[in-house]
Every structure is written in C-alpha cells, then in structure tokens.
Amino acid sequence: MSKKLSEYEKKRNRGATPEPFGGKKGKGNRFVIQKHDASSLHYDFRLEVDGVLKSWAVPKGPSTDPRDKRLAMAVEDHPLDYIDFEGVIPKGNYGAGTVIVWDAGTYENLSTSDGEPISISEALESGHAIVSLHGQKLRGGYAITRVKFGTGKGEKWLLVKKRDPEADARRKPVSTQPESVLTGRTNEDLEES
Ligand code: MN
C-alpha cells in the first residue's frame, strides 16, 4: 500500500464502492475537476503530481473571475485512476453521492521562487503554486495558495483565477456548463440511472 494513498484507502471499502484504487505512475501533468454531489455539493480539483492526484474540495467551484477567491479544502491524495471516474458512490460509503468529470485536461506549472522556476511539488509544499490549465471549460492561469495549515479538511487554500486573456468575470461556467466533459451527463442524470 502506497504511503501517499493510505488515507484514501483507509476511508474506503474496495468491495463496496465503484471508485478506483490504482493507477500507473508516470510523469504526467493532467488535471481534473469532478463535480461531486455528496452530503454537500462541491467540486474536487485534482492535479497529477508525482504519481498521485493532489486534491482539494472547492465548495463553490472554480471561477473565471480574478476577483473571486474560492475556498479550497485540502483532501487526501487520490490514485491516478480516479482522473476519469464518474459514477455513483453508494449510500453508507465515504463521499456517497454522484461524481461527474466536470472539466479535464493538462496543466502547465508556472510556479517560481525568487524568480526561478520550481517544481509543482516544491510549490505546493511551500503553499503557493501557479498553474495554467488547458481544460475544456477552464483555461489560463490559476493560483492556489495555502491560507491555513492543518491536516485533511482542516487545511484551507484559495483558488484564484490569474488576470490573463482567459479571465472572464461574466462566464460563470459552474452554473452555465453543469455537464460532464466526458459523457455530457449531469449529476442528476446519474442519480436517475
Ligand atoms: Mn469530493
């Protein structure tokens, strides 16, 4: 059992949830945002970093308006195979509810320290990273910045759109584009199936 994923595995029962547990490690730079209609609706923002998905739960979802500071609660690392998971987590399981892939693509790490490029893992360790997203709904720079230390859901970050040509205060993709980029389905569609 990978140490990084031990928290993920501890919270879940392999026989009872359709969620994945594996993933081939690589040097990938993918990201995903999953819309998760659990006990409370949120958007899980995940970046592929050193063979796992670093993850945050964003209650209001990402904004394309640089004036919005979206709270992002750090959650446990997820396995790489989670990146295209859509489905229903049955009642009684951790995170019970529906999950769709709301946005997906690759990211570019633009993080620096004293003007020098640093790796995404160094940046996240330091509590401030800048990534440029190449998704279907989200594009351009985003800053993710730790504002309160803690473990698991006690660690707070802010996800903020950078001012660049992709910034758009009017777009509001969270409300206007609710569907999965993989299947076109909404969370409600999954509930009915
Ligand atoms: Mn979640």
# chains A, B, ... in the order shown; residues from 1 in each chain; ligands from 1

$ residues_near_ligand --ligand "ligand 1" --cutoff "7 Å" --atoms "only C-alpha atoms and all ligand atoms" --output "number ranges by chain"
A: 36, 42-44, 57, 95

$ residues_around --residues "A:Val52" --least-positions-apart "2" --cutoff "9 Å" --atoms "only C-alpha atoms" --output "VMD selection string"
chain A and resid 4 to 5 23 25 47 to 50 54 77 to 80

$ atom_distance --atom1 "atom CA of A:Ile100" --atom2 "atom CA of A:Lys156"
23.6 Å

$ select_by_dssp --residues "stretch 38-188 of chain A" --states "strand (DSSP E or B)" --output "ChimeraX atom specification"
/A:41-49,52-58,70-78,87-89,97-109,112-113,116-117,128-135,139-148,156-161

$ residues_around --residues "A:Asn13" --least-positions-apart "3" --cutoff "9 Å" --atoms "only C-alpha atoms" --output "list of chain:residue names"
A:Glu9, A:Lys10, A:Ala16, A:Thr17, A:Asn93, A:Tyr94

$ residues_around --residues "stretch 113-118 of chain A" --least-positions-apart "6" --cutoff "12 Å" --atoms "only C-alpha atoms" --output "NGL selection string"
:A and (124-131)

$ select_by_dssp --residues "chain A" --states "alpha helix (DSSP H)" --output "JSON, numbers by chain"
{"A": [6, 7, 8, 9, 10, 11, 120, 121, 122, 123, 124, 125, 126, 173, 174, 175, 176, 187, 188, 189, 190, 191, 192]}

$ write_last_selection --atoms "C-alpha atoms" --output "CSV table (one decimal), in the first residue's frame"
chain,number,residue,atom,x,y,z
A,6,SER,CA,-3.0,5.2,2.8
A,7,GLU,CA,-5.5,7.8,3.9
A,8,TYR,CA,-7.5,7.3,0.7
A,9,GLU,CA,-7.5,3.6,1.2
A,10,LYS,CA,-8.4,3.8,4.9
A,11,LYS,CA,-11.6,5.7,4.1
A,120,ILE,CA,4.9,21.7,-8.7
A,121,SER,CA,5.6,19.6,-5.7
A,122,GLU,CA,8.0,22.2,-4.3
A,123,ALA,CA,5.5,24.9,-5.0
A,124,LEU,CA,2.7,23.0,-3.2
A,125,GLU,CA,4.9,22.3,-0.3
A,126,SER,CA,5.7,26.0,0.0
A,173,PRO,CA,-19.1,28.0,-16.1
A,174,VAL,CA,-20.1,26.4,-12.9
A,175,SER,CA,-23.7,27.5,-13.4
A,176,THR,CA,-23.9,27.6,-17.2
A,187,ASN,CA,-25.1,14.6,-11.6
A,188,GLU,CA,-28.9,14.4,-11.8
A,189,ASP,CA,-28.7,12.0,-14.8
A,190,LEU,CA,-26.5,9.7,-12.7
A,191,GLU,CA,-29.0,9.7,-9.8
A,192,GLU,CA,-31.8,8.5,-12.1

$ residues_around --residues "A:Ala38" --least-positions-apart "6" --cutoff "9 Å" --atoms "only C-alpha atoms" --output "PyMOL selection string"
chain A and resi 89+95-99

$ write_last_selection --atoms "N, CA, C and O atoms" --output "PDB file, in the first residue's frame"
ATOM      1  N   ILE A  89     -21.395   6.729  -5.834  1.00  0.00           N
ATOM      2  CA  ILE A  89     -20.820   6.127  -4.630  1.00  0.00           C
ATOM      3  C   ILE A  89     -22.015   5.792  -3.732  1.00  0.00           C
ATOM      4  O   ILE A  89     -22.756   6.690  -3.328  1.00  0.00           O
ATOM      5  N   GLY A  95     -18.144   9.673   1.106  1.00  0.00           N
ATOM      6  CA  GLY A  95     -18.382  10.501  -0.083  1.00  0.00           C
ATOM      7  C   GLY A  95     -19.598  10.066  -0.892  1.00  0.00           C
ATOM      8  O   GLY A  95     -19.704  10.387  -2.082  1.00  0.00           O
ATOM      9  N   ALA A  96     -20.518   9.338  -0.272  1.00  0.00           N
ATOM     10  CA  ALA A  96     -21.692   8.826  -1.000  1.00  0.00           C
ATOM     11  C   ALA A  96     -22.366   9.932  -1.807  1.00  0.00           C
ATOM     12  O   ALA A  96     -22.581  11.042  -1.318  1.00  0.00           O
ATOM     13  N   GLY A  97     -22.686   9.607  -3.060  1.00  0.00           N
ATOM     14  CA  GLY A  97     -23.315  10.581  -3.950  1.00  0.00           C
ATOM     15  C   GLY A  97     -22.818  10.372  -5.369  1.00  0.00           C
ATOM     16  O   GLY A  97     -22.179   9.361  -5.677  1.00  0.00           O
ATOM     17  N   THR A  98     -23.115  11.337  -6.244  1.00  0.00           N
ATOM     18  CA  THR A  98     -22.748  11.196  -7.653  1.00  0.00           C
ATOM     19  C   THR A  98     -21.508  12.020  -7.982  1.00  0.00           C
ATOM     20  O   THR A  98     -21.280  13.086  -7.422  1.00  0.00           O
ATOM     21  N   VAL A  99     -20.716  11.501  -8.927  1.00  0.00           N
ATOM     22  CA  VAL A  99     -19.479  12.162  -9.365  1.00  0.00           C
ATOM     23  C   VAL A  99     -19.464  12.221 -10.890  1.00  0.00           C
ATOM     24  O   VAL A  99     -19.659  11.194 -11.547  1.00  0.00           O
TER      25      VAL A  99
END
